[in-house]
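Trainee: Okay, so here is data.txt, and as you'll see once you scroll down, it has compact mmCIF, C-alpha atoms.
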```txt
# COMPACT_ATOMS: atom_id res chain seq x y z
CA MET A 21 15.32 -14.19 -0.24
CA SER A 22 13.11 -15.54 -3.02
CA ASP A 23 11.48 -13.22 -5.53
CA LEU A 24 8.27 -11.57 -4.39
CA ASP A 25 5.01 -11.91 -6.27
CA LEU A 26 3.61 -8.68 -4.84
CA LEU A 27 5.29 -5.66 -3.20
CA ALA A 28 3.49 -2.65 -1.75
CA ILE A 29 5.49 0.56 -1.32
CA ALA A 30 4.16 3.43 0.80
CA ALA A 31 5.38 6.44 2.74
CA HIS A 32 4.51 5.58 6.34
CA PRO A 33 3.89 2.58 8.57
CA ASP A 34 0.12 1.88 8.41
CA ASP A 35 -0.37 3.40 4.92
CA ILE A 36 -0.29 -0.04 3.31
CA GLU A 37 -2.64 -1.54 5.88
CA LEU A 38 -5.15 1.26 5.38
CA THR A 39 -5.08 1.49 1.58
CA CYS A 40 -4.46 -2.07 0.38
CA GLY A 41 -4.12 -4.25 3.47
CA GLY A 42 -6.99 -6.52 2.48
CA THR A 43 -5.47 -7.09 -0.95
CA MET A 44 -2.08 -7.94 0.55
CA ILE A 45 -3.71 -10.39 2.96
CA LYS A 46 -5.72 -11.95 0.13
CA ALA A 47 -2.59 -12.42 -1.96
CA ALA A 48 -0.73 -14.00 0.97
CA GLU A 49 -3.65 -16.34 1.64
CA ALA A 50 -3.57 -17.38 -2.02
CA GLY A 51 0.02 -18.54 -1.58
CA HIS A 52 1.80 -15.56 -3.14
CA ARG A 53 5.00 -14.18 -1.66
CA VAL A 54 4.00 -10.75 -0.42
CA GLY A 55 6.25 -7.90 0.77
CA LEU A 56 5.84 -4.44 2.28
CA LEU A 57 8.30 -1.56 1.92
CA ASP A 58 7.71 1.45 4.19
CA LEU A 59 9.80 4.41 3.04
CA THR A 60 9.85 6.30 6.36
CA ALA A 61 9.41 5.48 10.04
CA GLY A 62 6.72 8.12 10.56
CA GLU A 63 8.99 9.90 13.02
CA SER A 64 7.60 13.35 12.26
CA GLY A 65 4.01 12.39 13.03
CA THR A 66 2.19 14.11 15.88
CA ARG A 67 1.54 10.83 17.68
CA GLY A 68 3.84 7.91 18.38
CA SER A 69 7.57 7.59 17.71
CA ALA A 70 9.76 5.83 15.18
CA SER A 71 10.52 2.97 17.58
CA LEU A 72 6.89 2.54 18.63
CA ARG A 73 5.60 2.60 15.07
CA SER A 74 8.26 0.06 14.11
CA GLN A 75 6.92 -2.29 16.77
CA GLU A 76 3.38 -1.69 15.56
CA SER A 77 4.32 -2.37 11.93
CA SER A 78 5.98 -5.66 12.94
CA ARG A 79 2.83 -6.76 14.73
CA ALA A 80 0.71 -5.79 11.73
CA ALA A 81 2.98 -7.78 9.39
CA GLN A 82 2.48 -10.84 11.58
CA VAL A 83 -1.28 -10.40 11.42
CA MET A 84 -1.13 -10.10 7.63
CA LYS A 85 1.25 -13.10 7.38
CA VAL A 86 3.42 -11.43 4.74
CA ALA A 87 6.76 -12.91 3.70
CA HIS A 88 8.79 -9.73 4.06
CA ARG A 89 8.63 -6.23 5.55
CA GLU A 90 11.29 -3.55 5.82
CA ASN A 91 11.69 0.17 6.36
CA LEU A 92 13.96 2.18 4.09
CA GLY A 93 14.57 4.90 6.69
CA LEU A 94 13.98 7.91 4.46
CA PRO A 95 13.00 11.14 6.27
CA ASP A 96 9.35 11.47 7.23
CA ALA A 97 7.55 14.61 6.02
CA ALA A 98 10.53 15.22 3.75
CA LEU A 99 10.20 12.75 0.90
CA GLU A 100 11.46 14.43 -2.25
CA ASN A 101 11.80 13.44 -5.87
CA THR A 102 15.57 13.03 -5.80
CA ARG A 103 17.87 10.61 -7.58
CA GLU A 104 19.29 9.51 -4.23
CA TYR A 105 15.91 8.36 -2.92
CA LYS A 106 14.93 6.76 -6.21
CA LEU A 107 18.14 4.74 -6.35
CA LYS A 108 17.62 3.52 -2.77
CA ILE A 109 14.16 2.25 -3.70
CA ALA A 110 15.44 0.84 -6.99
CA ALA A 111 18.08 -1.15 -5.11
CA ARG A 112 15.37 -2.82 -3.04
CA VAL A 113 13.27 -3.50 -6.15
CA ARG A 114 16.27 -5.28 -7.67
CA ALA A 115 16.81 -7.27 -4.49
CA LEU A 116 13.18 -8.25 -3.97
CA ARG A 117 12.27 -8.67 -7.66
CA PRO A 118 8.48 -8.29 -7.34
CA ARG A 119 6.29 -9.17 -10.30
CA THR A 120 3.64 -6.63 -9.26
CA VAL A 121 4.09 -3.41 -7.30
CA ILE A 122 1.39 -1.38 -5.56
CA LEU A 123 2.13 2.34 -5.18
CA PRO A 124 0.18 5.24 -3.68
CA TYR A 125 -1.77 7.33 -6.18
CA TRP A 126 0.33 10.18 -7.61
CA GLU A 127 -1.90 13.01 -6.32
CA GLY A 128 -3.31 13.70 -2.85
CA ARG A 129 -3.35 15.78 0.33
CA HIS A 130 -0.18 14.50 1.97
CA PRO A 131 3.05 15.31 0.06
CA ASP A 132 4.73 12.14 1.30
CA HIS A 133 1.92 10.00 -0.12
CA TYR A 134 1.98 11.29 -3.67
CA THR A 135 5.76 11.65 -3.68
CA ALA A 136 6.05 7.98 -2.71
CA GLY A 137 3.96 7.13 -5.76
CA GLN A 138 6.08 9.28 -8.05
CA ILE A 139 9.51 8.15 -6.89
CA GLY A 140 8.31 4.57 -6.53
CA TYR A 141 7.37 4.45 -10.21
CA GLU A 142 10.63 6.03 -11.34
CA ALA A 143 12.60 3.70 -9.08
CA CYS A 144 10.93 0.69 -10.71
CA PHE A 145 12.02 2.04 -14.09
CA LEU A 146 15.58 2.78 -12.96
CA ALA A 147 15.91 -0.71 -11.49
CA GLY A 148 15.79 -2.09 -15.03
CA LEU A 149 18.69 -0.04 -16.36
CA ALA A 150 21.95 -1.97 -16.68
CA LYS A 151 24.35 0.96 -16.41
CA ILE A 152 23.19 2.73 -13.25
CA PRO A 153 25.30 2.42 -10.06
CA LEU A 154 23.36 -0.36 -8.34
CA ASP A 155 24.28 -3.86 -7.24
CA GLY A 156 22.42 -6.83 -8.62
CA LYS A 157 20.97 -7.71 -11.97
CA PRO A 158 18.69 -5.24 -13.76
CA PHE A 159 15.06 -5.93 -13.00
CA ARG A 160 11.78 -4.19 -13.68
CA PRO A 161 8.36 -5.22 -12.29
CA TYR A 162 5.86 -6.49 -14.84
CA LYS A 163 2.88 -4.62 -13.41
CA ILE A 164 2.48 -1.40 -11.40
CA ILE A 165 -0.88 -0.52 -9.88
CA TYR A 166 -1.94 2.40 -7.70
CA SER A 167 -3.99 2.28 -4.50
CA THR A 168 -6.58 5.06 -4.52
CA LEU A 169 -8.39 4.68 -1.18
CA TYR A 170 -7.01 8.04 -0.02
CA VAL A 171 -8.70 9.64 -3.07
CA PRO A 172 -12.24 8.20 -2.79
CA ALA A 173 -13.71 10.58 -5.41
CA LEU A 174 -11.44 9.05 -8.05
CA ARG A 175 -13.05 6.37 -10.23
CA PRO A 176 -10.92 3.22 -9.90
CA THR A 177 -9.85 0.98 -12.75
CA PHE A 178 -10.70 -2.10 -10.72
CA ILE A 179 -11.66 -3.12 -7.19
CA VAL A 180 -10.49 -6.16 -5.22
CA ASP A 181 -13.10 -8.03 -3.19
CA ILE A 182 -11.74 -8.15 0.38
CA THR A 183 -14.93 -9.32 2.08
CA LEU A 184 -13.27 -12.41 3.54
CA GLN A 185 -10.15 -10.45 4.49
CA PHE A 186 -11.84 -7.39 5.99
CA GLU A 187 -11.69 -8.42 9.64
CA LYS A 188 -8.00 -9.34 9.35
CA LYS A 189 -7.30 -6.01 7.63
CA LEU A 190 -9.03 -4.23 10.49
CA LYS A 191 -6.98 -6.21 13.00
CA ALA A 192 -3.77 -5.17 11.21
CA VAL A 193 -4.78 -1.50 11.21
CA LEU A 194 -5.65 -1.66 14.89
CA CYS A 195 -2.06 -2.69 15.63
CA TYR A 196 -1.23 1.01 15.27
CA SER A 197 -2.73 2.03 18.59
CA SER A 198 -0.45 5.08 18.79
CA GLN A 199 -2.50 6.66 16.02
CA PHE A 200 -5.85 6.44 17.86
CA SER A 201 -7.28 9.06 20.16
CA PRO A 202 -10.08 9.10 22.72
CA ARG A 203 -10.23 12.88 22.58
CA LYS A 204 -13.23 14.23 20.72
CA ASP A 205 -11.54 17.52 19.87
CA VAL A 206 -9.07 15.78 17.52
CA GLN A 207 -11.09 12.85 16.24
CA ASN A 208 -11.11 14.18 12.69
CA LEU A 209 -7.32 13.89 12.61
CA PHE A 210 -6.77 11.02 15.07
CA PRO A 211 -9.93 8.90 15.22
CA SER A 212 -10.86 6.76 18.16
CA GLU A 213 -10.80 3.01 17.66
CA SER A 214 -14.57 2.85 17.19
CA ASP A 215 -14.52 5.76 14.75
CA LEU A 216 -11.67 4.13 12.83
CA ARG A 217 -13.72 0.97 12.44
CA ASP A 218 -16.59 3.03 11.06
CA ARG A 219 -14.37 4.92 8.62
CA ILE A 220 -12.67 1.82 7.26
CA GLY A 221 -15.96 -0.02 7.06
CA SER A 222 -17.75 2.82 5.28
CA LEU A 223 -15.04 3.25 2.65
CA SER A 224 -14.70 -0.48 2.10
CA ARG A 225 -18.48 -0.82 1.78
CA HIS A 226 -18.57 2.04 -0.73
CA PHE A 227 -16.09 0.36 -3.03
CA GLY A 228 -17.51 -3.09 -2.41
CA LEU A 229 -20.92 -1.94 -3.59
CA MET A 230 -19.37 -0.85 -6.89
CA ILE A 231 -18.66 -4.49 -7.73
CA GLY A 232 -21.56 -6.10 -5.91
CA VAL A 233 -19.69 -7.38 -2.84
CA ARG A 234 -19.59 -6.28 0.79
CA TYR A 235 -16.06 -4.88 1.08
CA GLY A 236 -13.58 -3.75 -1.56
CA GLU A 237 -10.31 -1.90 -2.12
CA PRO A 238 -9.87 0.38 -5.17
CA PHE A 239 -6.95 0.51 -7.59
CA LEU A 240 -5.99 2.33 -10.76
CA THR A 241 -3.69 1.49 -13.65
CA ARG A 242 -2.19 3.87 -16.19
CA GLU A 243 -2.55 1.30 -18.95
CA VAL A 244 -5.72 -0.32 -20.31
CA ALA A 245 -6.43 -3.86 -19.10
CA ALA A 246 -6.71 -6.81 -21.48
CA VAL A 247 -9.70 -9.18 -21.40
CA ASP A 248 -9.49 -12.66 -22.92
CA ASP A 249 -13.15 -13.65 -22.72
CA VAL A 250 -15.90 -11.01 -22.65
CA VAL A 251 -18.48 -13.71 -21.96
CA THR A 252 -17.10 -14.42 -18.49
CA MET A 253 -16.36 -10.84 -17.37
CA PRO A 254 -17.34 -10.31 -13.72
CA VAL A 255 -19.55 -7.57 -12.18
CA ARG A 256 -23.12 -7.40 -13.40
CA SER A 257 -24.05 -4.45 -15.61
CA ILE A 258 -27.83 -4.39 -15.04
```
Could I get this structure in the form of structure tokens?
Mentor:
Amino acid sequence: MSDLDLLAIAAHPDDIELTCGGTMIKAAEAGHRVGLLDLTAGESGTRGSASLRSQESSRAAQVMKVAHRENLGLPDAALENTREYKLKIAARVRALRPRTVILPYWEGRHPDHYTAGQIGYEACFLAGLAKIPLDGKPFRPYKIIYSTLYVPALRPTFIVDITLQFEKKLKAVLCYSSQFSPRKDVQNLFPSESDLRDRIGSLSRHFGLMIGVRYGEPFLTREVAAVDDVVTMPVRSI
């Protein structure tokens, strides 16, 4: 397949939709070739099954209109920082050749989430080494950014306006009906559909307000950004 402009890598089906789904949709709508790489099938989750979540992720990809989606089949709830896993991810980075990669933030509550961020970064580095045992030409993404929606207290480097993409993001998330619950006793862990709408809306509104728009998704970079023209910088200061 052709090189990707943007690739998001995350631990579980629905992680990408929840953390940066609006940004992926926006990129696809702008004509970029967008891809999603789920590292596990979510088979260890309390609700759903690997086969059901695979069907849900396919439906979500159709809603988002991305060019490519695949699952690497690594073990759910058992992602580890191993050379084996990093080389498997690096092989896909070489094959897909994305200019920009979105990874989960490197700290958090769920070990799979932050481990995906750690091994994803190292895999992107390894993909550029000529002498490692991988097929294909060495390749390294130009830009790596981190989605930080799961860490809302963290101050982001920048926020993407997803106001026009919010409803489609919500539709993609709602493809994962196995993760919803009508039971009030577990709504904190498995929200109902209405509660999920409220949660996504509240978080997106929070970050949107930071840049003066209705809905936003937060990201962080390790490196400092360059600005060509300070006169035209967006987001009003006062």
Trainee: Skip Arg79 in chain A itself and residues of its chain fewer than 4 positions away, then list as a ChimeraX atom specification all residues within 9 Å of it, counting all atoms listed in the file.
Mentor: /A:74-75,83-84,192,195-196
Trainee: In the coordinates of the file, take the point (-10.8, -6.2, 9.8) and a cut-off of 12 Å; then, counting all atoms listed in the file, name each qualifying protein, DNA or RNA residue as a ChimeraX atom specification.
Mentor: /A:37-38,41-42,45,80,83-84,182-195,216-221,224,235-236
Trainee: For a cut-off of 12 Å around (-0.3, -5.7, -14.0), file coordinates, pick out all residues using all atoms listed in the file and list them as a PyMOL selection string.
Mentor: chain A and resi 25-26+118-122+161-166+177-178+239-246
Trainee: Pick out the closest residue to Ser78 in chain A from this set: A:Ala97, A:Ser212, A:Asp34, A:Met44. Count all atoms listed in the file.
Mentor: A:Asp34
Trainee: For Gly156 in chain A, find every residue with an atom within 10 Å (counting only C-alpha atoms), except residues of its own chain fewer than 3 positions away, and show them as a list of chain:residue names.
Mentor: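 Selected residues are A:Ala111, A:Arg112, A:Arg114, A:Ala115, A:Ala147, A:Ala150, A:Pro153, A:Phe159.
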Trainee: Would you please work out which residue, of A:Pro254, A:Pro33, A:Pro238, A:Gly62, is nearest to Tyr125 in chain A when using only C-alpha atoms?
Mentor: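 Distance minimum relative to Tyr125 in chain A lands on A:Pro238.
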Trainee: Do you know which residues are at most 7 Å from range 141-145 of chain A counting all atoms listed in the file, after dropping those on the same chain fewer than 2 positions away, and could you put them as JSON, numbers by chain?
Mentor: {"A": [106, 107, 109, 110, 113, 137, 138, 139, 147, 148, 160, 161]}
Trainee: Distance CA of Ser77 in chain A-CA of Gln199 in chain A, one decimal place?
Mentor: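 We find that CA of Ser77 in chain A and CA of Gln199 in chain A lie 12.0 Å from each other.
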Trainee: A:Asp181, A:Glu100, A:Glu63, A:Glu237: which is nearest His32 in chain A, counting all atoms listed in the file?
Mentor: A:Glu63
Trainee: Return the single residue from A:His133, A:Gly232, A:Glu76, A:Leu169 that is closest to Ser197 in chain A, with distances computed using only C-alpha atoms.
Mentor: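 Among the listed residues, the smallest separation from Ser197 in chain A belongs to A:Glu76.
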Trainee: Just to confirm, what's the straight-line distance from CA of Leu92 in chain A to CA of Leu59 in chain A in Å (one decimal)?
Mentor: 4.8 Å
Trainee: Can you measure CA of Ala61 in chain A to CA of Leu94 in chain A for me? One decimal in Å is fine.
Mentor: 7.6 Å
Trainee: Would you give me, as a Markdown table, each residue of range 76-164 of chain A having an atom within 9 Å of an atom of range 47-52 of chain A, along with its shortest atom pair and that distance in Å to one decimal, using all atoms listed in the file and sorting by chain and residue number?
Mentor:
```
| residue | atom | partner | partner_atom | distance |
| --- | --- | --- | --- | --- |
| A:Met84 | CA | A:Ala48 | CA | 7.7 |
| A:Lys85 | CA | A:Ala48 | CA | 6.8 |
| A:Val86 | CA | A:Ala48 | CA | 6.2 |
| A:Ala87 | CA | A:Ala48 | CA | 8.0 |
```
Trainee: Of the candidates A:Ser257, A:Thr39, A:Pro124, A:Gly55, which shows the shortest atom-to-atom distance to Phe227 in chain A, using all atoms listed in the file?
Mentor: A:Thr39
Trainee: Using only C-alpha atoms, which of the listed residues (A:Leu24, A:Leu154, A:Val255, A:Leu57) sits closest to Glu104 in chain A?
Mentor: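 Among A:Leu24, A:Leu154, A:Val255, A:Leu57, it is A:Leu154 that comes nearest to Glu104 in chain A.
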Trainee: Is it possible to get the axis-aligned box enclosing range 93-109 of chain A (all listed atoms, 4 Å extra per side) as lines of an AutoDock Vina configuration file, with centre and edge lengths in Å rounded to one decimal?
Mentor:
```
center_x = 13.4
center_y = 8.7
center_z = -0.2
size_x = 19.7
size_y = 21.0
size_z = 22.8
```
